[in-house]
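Below is final-v1.cif, which holds mmCIF, C-alpha atoms.
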data_model
loop_
_atom_site.label_atom_id
_atom_site.label_comp_id
_atom_site.auth_asym_id
_atom_site.auth_seq_id
_atom_site.Cartn_x
_atom_site.Cartn_y
_atom_site.Cartn_z
CA MET C 4 51.37 49.76 45.12
CA LYS C 5 48.12 48.94 46.81
CA SER C 6 45.20 51.35 46.91
CA PHE C 7 42.46 51.28 49.48
CA PHE C 8 39.00 52.70 48.82
CA GLN C 9 36.30 53.13 51.43
CA SER C 10 32.92 52.45 49.91
CA THR C 11 29.76 54.15 51.18
CA PRO C 12 27.69 51.59 53.09
CA ARG C 13 24.30 50.83 51.63
CA ARG C 14 21.25 51.53 53.68
CA SER C 15 19.71 48.45 55.16
CA VAL C 16 16.28 47.48 53.92
CA SER C 17 15.07 47.51 57.51
CA ASN C 18 15.72 51.29 57.64
CA LYS C 19 13.06 51.98 55.02
CA ARG C 20 9.95 53.84 56.13
CA LYS C 21 7.27 51.28 56.77
CA TYR C 22 3.67 51.82 57.84
CA SER C 23 2.00 49.04 59.78
CA CYS C 24 -0.42 48.56 62.65
CA GLU C 25 -1.39 45.65 64.87
CA PHE C 26 -4.88 45.11 66.25
CA LEU C 27 -4.78 44.51 70.02
CA SER C 28 -8.38 44.55 71.27
CA ASP C 29 -11.89 45.95 70.95
CA VAL C 30 -12.54 48.67 73.52
CA THR C 31 -16.23 49.21 72.65
CA TYR C 32 -18.73 47.05 70.74
CA PRO C 33 -16.71 43.83 71.07
CA ASP C 34 -16.73 41.28 68.27
CA SER C 35 -18.52 38.46 70.08
CA LYS C 36 -21.38 36.01 69.59
CA ARG C 37 -23.77 38.48 71.17
CA VAL C 38 -24.17 41.41 68.78
CA CYS C 39 -24.42 44.79 70.53
CA SER C 40 -27.68 46.65 69.96
CA VAL C 41 -28.08 50.37 69.38
CA ALA C 42 -31.16 52.57 69.11
CA PRO C 43 -32.25 53.79 65.65
CA GLY C 44 -30.35 56.96 64.73
CA ALA C 45 -28.13 56.78 67.82
CA THR C 46 -24.52 57.95 67.88
CA VAL C 47 -22.03 55.07 67.81
CA LEU C 48 -18.49 55.33 69.19
CA LYS C 49 -16.42 52.36 68.08
CA VAL C 50 -12.95 52.16 69.66
CA TRP C 51 -10.03 49.84 68.89
CA ASN C 52 -6.76 49.49 70.77
CA LEU C 53 -3.95 49.49 68.17
CA LYS C 54 -0.17 49.27 68.10
CA ASN C 55 2.09 51.15 65.69
CA ALA C 56 3.92 48.13 64.25
CA GLY C 57 5.82 50.08 61.61
CA THR C 58 8.91 52.27 61.59
CA VAL C 59 7.16 55.61 60.96
CA PRO C 60 5.88 57.66 63.91
CA TRP C 61 2.26 58.78 63.75
CA SER C 62 1.74 62.42 64.64
CA LYS C 63 -1.13 64.78 65.29
CA ARG C 64 -0.10 66.88 62.29
CA ASP C 65 0.22 63.88 59.96
CA PRO C 66 -1.87 60.97 61.28
CA PRO C 67 -2.79 57.88 59.26
CA GLN C 68 -5.93 58.35 57.23
CA VAL C 69 -8.94 56.13 57.90
CA PHE C 70 -11.24 54.91 55.14
CA ALA C 71 -14.47 52.92 55.18
CA THR C 72 -13.67 50.19 52.65
CA ARG C 73 -16.97 48.25 52.82
CA TYR C 74 -20.25 49.11 54.47
CA ASP C 75 -23.87 48.00 54.66
CA PHE C 76 -25.22 51.55 54.91
CA GLU C 77 -24.35 55.09 53.90
CA ILE C 78 -21.87 56.23 56.53
CA GLU C 79 -20.25 59.53 57.43
CA PHE C 80 -17.79 59.30 60.28
CA GLN C 81 -15.11 61.11 62.25
CA ALA C 82 -11.85 59.40 63.23
CA SER C 83 -9.44 60.35 66.02
CA PHE C 84 -6.39 58.81 67.68
CA SER C 85 -5.68 59.02 71.41
CA PRO C 86 -2.86 59.70 71.94
CA ALA C 87 -2.31 61.32 68.55
CA ASN C 88 1.49 61.09 68.66
CA VAL C 89 2.44 57.41 68.48
CA ALA C 90 6.05 56.25 68.15
CA PRO C 91 6.86 52.82 66.69
CA ALA C 92 5.95 49.99 69.10
CA GLU C 93 3.65 52.31 71.09
CA CYS C 94 -0.13 51.91 71.44
CA THR C 95 -3.06 54.19 70.73
CA GLU C 96 -6.84 54.07 70.54
CA LEU C 97 -8.69 54.76 67.31
CA THR C 98 -12.23 56.10 67.77
CA ILE C 99 -14.76 56.12 64.93
CA THR C 100 -17.90 58.20 65.57
CA PHE C 101 -20.94 57.87 63.31
CA THR C 102 -24.75 57.78 63.33
CA ALA C 103 -26.53 54.44 63.20
CA PRO C 104 -29.19 53.85 60.53
CA LYS C 105 -32.82 54.37 61.50
CA ALA C 106 -34.00 51.13 59.90
CA VAL C 107 -34.03 48.06 62.16
CA GLY C 108 -31.48 45.42 61.15
CA THR C 109 -27.91 44.12 61.55
CA TYR C 110 -25.10 46.16 60.02
CA LYS C 111 -21.37 45.78 59.52
CA CYS C 112 -18.77 48.27 58.35
CA TRP C 113 -15.07 47.72 57.58
CA PHE C 114 -12.32 50.30 58.00
CA GLN C 115 -8.64 50.40 57.15
CA LEU C 116 -5.73 52.74 57.76
CA CYS C 117 -3.92 54.42 54.89
CA ASP C 118 -0.51 56.11 54.89
CA SER C 119 -0.44 59.77 53.88
CA GLU C 120 2.77 59.45 51.85
CA ARG C 121 1.91 56.84 49.22
CA GLY C 122 -1.82 56.52 49.72
CA THR C 123 -1.71 52.76 50.35
CA TYR C 124 -3.64 50.73 52.88
CA PHE C 125 -1.74 49.09 55.70
CA GLY C 126 -2.47 46.89 58.69
CA GLN C 127 -5.43 44.67 59.37
CA SER C 128 -9.01 45.44 58.40
CA LEU C 129 -11.06 46.73 61.31
CA TRP C 130 -14.81 46.36 61.56
CA VAL C 131 -17.81 47.16 63.70
CA LEU C 132 -20.87 44.91 63.91
CA PHE C 133 -24.09 46.07 65.56
CA ARG C 134 -27.85 45.59 65.49
CA VAL C 135 -30.31 48.49 65.28
CA GLN C 136 -33.41 47.83 67.32
CA THR C 137 -35.97 49.71 69.39
CA GLY C 138 -34.75 50.08 72.95
CA GLY C 139 -31.12 49.63 71.92
CA ARG C 140 -28.12 51.40 73.40
CA ARG C 141 -27.73 55.16 73.33
CA PRO C 142 -24.46 56.75 74.47
CA LEU C 143 -24.38 59.13 77.41
CA LYS C 144 -23.06 62.67 77.42
CA CYS C 145 -20.66 64.01 80.01
CA PRO C 146 -21.50 67.27 81.86
CA LYS C 147 -19.65 69.22 79.16
CA GLY C 148 -21.74 67.68 76.39
CA HIS C 149 -19.24 65.20 74.92
CA TRP C 150 -20.28 61.71 73.89
CA MET C 151 -19.01 59.01 76.24
CA GLN C 152 -17.63 55.57 75.42
CA LEU C 153 -19.12 52.46 77.01
CA ARG C 154 -15.82 50.67 77.45
CA GLU C 155 -15.29 46.95 77.84
CA SER C 156 -13.22 46.75 81.01
CA GLY C 157 -11.72 44.23 83.38
CA LYS C 158 -8.34 43.60 85.00
CA ASP C 159 -6.85 42.45 81.69
CA LYS C 160 -8.11 45.51 79.74
CA PRO C 161 -5.97 48.64 79.26
CA LEU C 162 -6.88 51.86 80.99
CA PRO C 163 -7.95 54.87 78.92
CA PRO C 164 -4.86 56.44 77.30
CA LYS C 165 -4.92 59.57 79.46
CA TYR C 166 -4.59 57.48 82.64
CA ARG C 167 -1.99 54.89 81.68
CA LYS C 168 1.01 56.90 82.87
CA THR C 169 -0.64 58.69 85.79
CA TYR C 170 -3.36 56.59 87.48
CA PRO C 171 -3.45 52.84 88.21
CA PHE C 172 -7.27 52.63 88.19
CA VAL C 173 -10.47 54.57 87.41
CA ASN C 174 -13.04 55.88 89.90
CA CYS C 175 -16.63 56.98 89.28
CA ASP C 176 -17.02 60.77 89.18
CA SER C 177 -20.70 60.49 90.14
CA CYS C 178 -20.97 58.07 93.10
CA GLU C 179 -17.20 57.89 93.78
CA SER C 180 -17.10 54.08 93.44
CA LYS C 181 -13.54 52.77 93.30
CA ARG C 182 -11.82 50.79 90.54
CA ILE C 183 -14.72 50.81 88.10
CA ASN C 184 -12.29 49.78 85.35
CA GLU C 185 -12.24 46.30 86.94
CA LYS C 186 -16.00 45.92 86.38
CA PRO C 187 -17.41 44.56 83.08
CA THR C 188 -18.11 48.04 81.62
CA PHE C 189 -17.92 51.73 82.48
CA HIS C 190 -18.57 55.03 80.72
CA HIS C 191 -15.62 57.25 79.78
CA CYS C 192 -15.30 60.63 78.07
CA HIS C 193 -12.01 60.63 76.17
CA THR C 194 -12.22 64.41 75.70
CA CYS C 195 -12.42 65.63 79.31
CA ALA C 196 -11.63 62.38 81.20
CA TYR C 197 -15.00 62.11 82.96
CA ASP C 198 -16.01 58.61 84.11
CA VAL C 199 -19.12 56.98 85.57
CA CYS C 200 -19.78 53.40 86.57
CA TYR C 201 -22.33 51.24 84.79
CA THR C 202 -24.90 51.69 87.59
CA CYS C 203 -24.76 55.50 87.44
CA GLY C 204 -24.81 55.35 83.66
CA ARG C 205 -27.93 53.17 83.78
CA LYS C 206 -29.69 55.66 86.06
CA GLN C 207 -28.78 58.53 83.74
CA SER C 208 -30.06 56.58 80.73
CA LEU C 209 -33.41 55.98 82.44
CA GLU C 210 -33.68 59.67 83.35
CA ASN C 211 -32.90 60.66 79.77
CA SER C 212 -35.56 58.24 78.48
CA LYS C 213 -38.18 59.78 80.79
CA LEU C 214 -37.27 63.29 79.66
CA GLU C 215 -37.45 62.27 76.01
CA ALA C 216 -40.86 60.69 76.58
CA ARG C 217 -42.12 63.88 78.22
CA ALA C 218 -40.76 66.01 75.38
CA LYS C 219 -42.43 63.97 72.61
CA PRO C 220 -45.35 65.72 70.87
CA SER C 221 -48.86 64.70 71.96
CA SER C 222 -51.49 64.05 69.28
CA TYR C 223 -55.05 65.34 69.03
CA SER C 224 -58.09 63.77 67.41
CA ASP C 225 -57.66 65.91 64.30
CA GLY C 226 -54.16 64.53 63.74
CA SER C 227 -52.31 67.71 64.80
CA TYR C 228 -49.48 67.69 67.32
CA GLU C 229 -48.35 69.92 70.14
CA GLY C 230 -44.72 69.79 71.20
CA LYS C 231 -44.20 69.78 74.93
CA LEU C 232 -40.66 70.76 75.79
CA HIS C 233 -40.19 70.96 79.54
CA SER C 234 -37.50 73.02 81.22
CA GLY C 235 -34.24 71.19 81.71
CA VAL C 236 -34.62 69.05 78.57
CA GLU C 237 -31.59 69.34 76.34
CA LYS C 238 -32.20 69.07 72.62
CA GLY C 239 -30.08 66.63 70.66
#
Encoded form using structure tokens:
Amino acid sequence: MKSFFQSTPRRSVSNKRKYSCEFLSDVTYPDSKRVCSVAPGATVLKVWNLKNAGTVPWSKRDPPQVFATRYDFEIEFQASFSPANVAPAECTELTITFTAPKAVGTYKCWFQLCDSERGTYFGQSLWVLFRVQTGGRRPLKCPKGHWMQLRESGKDKPLPPKYRKTYPFVNCDSCESKRINEKPTFHHCHTCAYDVCYTCGRKQSLENSKLEARAKPSSYSDGSYEGKLHSGVEKG
């Protein structure tokens, strides 16, 4: 008499939970021969375009952790993903916001993602390289007071995440120029989706510099100072 037993199939190794990410491109502060310059003490927004190359979805409630693994200066930063919910094989942008050192020089900082389950690093190391110098770049603020990204753009560059499923291109919200995402750079607020072209951003930067110069304290012969804060000058 023959007996037949049905064994329980083993789970395939490929079904195991795996964290991984793939670097796609630099969105801001590209890694090139020409090192981007920033002003002493300026806010820096470094953005990478990443792909979830693992089998575990990333969620807003349980996102991958981000750690600074090596750095040339004492750094405190904030990290955010846009979009925050990222299924396997989908893409997202990781934004690191920090304050540049006040001392002139070239700096580099490395970051890496870490899974929240086992506490292990995964994916490629990510880094930002910049030079602190007088007259360097300062980010703009949108009308609502959020810091804006100076994005590397072009026809081969992805649109900001909020536009990828709704709009085929980006227009300037100041001068209404069309398709500014096809120009070399443009300014974008990833919080409220406000955009300005490089030309309008340059004009705003010059206006901000004039206001800052007017607001600086003036010195007297005895070494004392008098702060002159004109109306319309926003602190910070």
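Closest approach to Arg140 of chain C among C:Arg73, C:Lys213, C:Lys63, C:Arg205: C:Arg205, based on all atoms listed in the file.
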Notebook entry, point to check: Pick the closest to Lys49 of chain C from C:Phe70, C:Phe76, C:Phe101, C:Phe26: which is it, counting only C-alpha atoms?
Noted result: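 Nearest to Lys49 of chain C: C:Phe101.
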Notebook entry, point to check: What is the distance, in Å and to one decimal place, between atom CA of Thr109 of chain C and atom CA of Phe133 of chain C?
Noted result: 5.9 Å
Margin query: Running the PyMOL selection byres ((chain C and resi 21) around 7) on this model by hand, what would come out? Give it as a PyMOL selection string.
Written below: chain C and resi 19-20+22-23+57-59
Could the residues in this selection be saved with C-alpha atoms as a PDB file, in the coordinates of the input?
ATOM      1  CA  LYS C  19      13.060  51.980  55.020  1.00  0.00           C
ATOM      2  CA  ARG C  20       9.950  53.840  56.130  1.00  0.00           C
ATOM      3  CA  TYR C  22       3.670  51.820  57.840  1.00  0.00           C
ATOM      4  CA  SER C  23       2.000  49.040  59.780  1.00  0.00           C
ATOM      5  CA  GLY C  57       5.820  50.080  61.610  1.00  0.00           C
ATOM      6  CA  THR C  58       8.910  52.270  61.590  1.00  0.00           C
ATOM      7  CA  VAL C  59       7.160  55.610  60.960  1.00  0.00           C
TER       8      VAL C  59
END
Margin query: Applying the PyMOL selection byres ((chain C and resi 149) around 12) to the file I just gave you, which residues come out? Please list them as number ranges by chain.
Written below: C: 46, 48, 100, 142-148, 150-152, 190-198, 239
Notebook entry, point to check: When distances are computed from all atoms listed in the file, which of C:Thr95, C:Glu179, C:Thr137, C:Ala71 shows the smallest separation from Arg167 of chain C?
Noted result: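 Smallest separation from Arg167 of chain C among the options: C:Thr95.
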Compute the distance from (-0.3, 59.2, 69.7) to each atom, counting only C-alpha atoms, keep the residues with any atom at most 7 Å away, and return them as an mmCIF file with C-alpha atoms, keeping the file's coordinate frame; use the coordinates of the file.
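Output saved as part.cif:
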data_model
loop_
_atom_site.group_PDB
_atom_site.id
_atom_site.type_symbol
_atom_site.label_atom_id
_atom_site.label_comp_id
_atom_site.auth_asym_id
_atom_site.auth_seq_id
_atom_site.Cartn_x
_atom_site.Cartn_y
_atom_site.Cartn_z
ATOM 1 C CA TRP C 61 2.260 58.780 63.750
ATOM 2 C CA SER C 62 1.740 62.420 64.640
ATOM 3 C CA PHE C 84 -6.390 58.810 67.680
ATOM 4 C CA SER C 85 -5.680 59.020 71.410
ATOM 5 C CA PRO C 86 -2.860 59.700 71.940
ATOM 6 C CA ALA C 87 -2.310 61.320 68.550
ATOM 7 C CA ASN C 88 1.490 61.090 68.660
ATOM 8 C CA VAL C 89 2.440 57.410 68.480
ATOM 9 C CA THR C 95 -3.060 54.190 70.730
#
Next item on the list: Measuring atom to atom with all atoms listed in the file, identify which of C:Cys200, C:Val173, C:Leu132, C:Ala103 is nearest to Tyr32 of chain C.
Entry: C:Leu132
Edge lengths and centre in Å to one decimal, as lines of an AutoDock Vina configuration file, is what I'm after for the box along x, y and z that holds all listed atoms of segment 189-202 of chain C once 5 Å is added on each side.
center_x = -18.3
center_y = 58.4
center_z = 81.6
size_x = 23.3
size_y = 24.4
size_z = 21.9
Check: Got a sec: who's within 6 Å of segment 116-122 of chain C, counting all atoms listed in the file, leaving out chain neighbours fewer than 4 positions off, as an NGL selection string?
Finding: :C and (67-69)
Write a file of the just-selected residues containing C-alpha atoms, as a PDB file, keeping the file's coordinate frame.
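out-v3.pdb was written with the following content:
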ATOM      1  CA  PRO C  67      -2.790  57.880  59.260  1.00  0.00           C
ATOM      2  CA  GLN C  68      -5.930  58.350  57.230  1.00  0.00           C
ATOM      3  CA  VAL C  69      -8.940  56.130  57.900  1.00  0.00           C
TER       4      VAL C  69
END
Next item on the list: May I ask which of the residues C:Tyr201, C:Val41, C:Val50, C:Leu97 is the closest one to Pro66 of chain C, counting all atoms listed in the file?
Entry: C:Leu97
Checklist line | Contacts of Thr188 of chain C at 9 Å (all atoms listed in the file; same-chain gap of 3+ positions) as a list in words | finding: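 The residues satisfying every condition are Leu153, Arg154, Glu155, Ser156, Gly157, Ile183, Asn184, Glu185, Cys200 and Tyr201 of chain C.
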Written selection (C-alpha atoms) as a PDB file, keeping the file's coordinate frame:
ATOM      1  CA  LEU C 153     -19.120  52.460  77.010  1.00  0.00           C
ATOM      2  CA  ARG C 154     -15.820  50.670  77.450  1.00  0.00           C
ATOM      3  CA  GLU C 155     -15.290  46.950  77.840  1.00  0.00           C
ATOM      4  CA  SER C 156     -13.220  46.750  81.010  1.00  0.00           C
ATOM      5  CA  GLY C 157     -11.720  44.230  83.380  1.00  0.00           C
ATOM      6  CA  ILE C 183     -14.720  50.810  88.100  1.00  0.00           C
ATOM      7  CA  ASN C 184     -12.290  49.780  85.350  1.00  0.00           C
ATOM      8  CA  GLU C 185     -12.240  46.300  86.940  1.00  0.00           C
ATOM      9  CA  CYS C 200     -19.780  53.400  86.570  1.00  0.00           C
ATOM     10  CA  TYR C 201     -22.330  51.240  84.790  1.00  0.00           C
TER      11      TYR C 201
END
Check: How far is it from atom CA of Ala92 of chain C to atom CA of Asn52 of chain C, in Å with one decimal?
Finding: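 These two atoms are separated by 12.8 Å.
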Check: Do you have the atom CA of Leu162 of chain C-atom CA of Gly139 of chain C distance handy?
Finding: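 Rounded to one decimal, the two atoms are 26.0 Å apart.
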Using the chain letters and numbers from this file, what does the PyMOL selection byres ((chain C and resi 111) around 7) select? Give the answer as a short mmCIF file (atom, residue, chain, number, x, y, z; two decimals) with C-alpha atoms, keeping the file's coordinate frame.
data_model
loop_
_atom_site.label_atom_id
_atom_site.label_comp_id
_atom_site.auth_asym_id
_atom_site.auth_seq_id
_atom_site.Cartn_x
_atom_site.Cartn_y
_atom_site.Cartn_z
CA TYR C 74 -20.25 49.11 54.47
CA ASP C 75 -23.87 48.00 54.66
CA TYR C 110 -25.10 46.16 60.02
CA CYS C 112 -18.77 48.27 58.35
CA TRP C 113 -15.07 47.72 57.58
CA TRP C 130 -14.81 46.36 61.56
CA VAL C 131 -17.81 47.16 63.70
CA LEU C 132 -20.87 44.91 63.91
CA PHE C 133 -24.09 46.07 65.56
#
Next item on the list: Find, counting all atoms listed in the file, the residue in C:Ile78, C:Lys105, C:Gln127, C:Phe172 that gets nearest to Lys160 of chain C.
Entry: C:Phe172
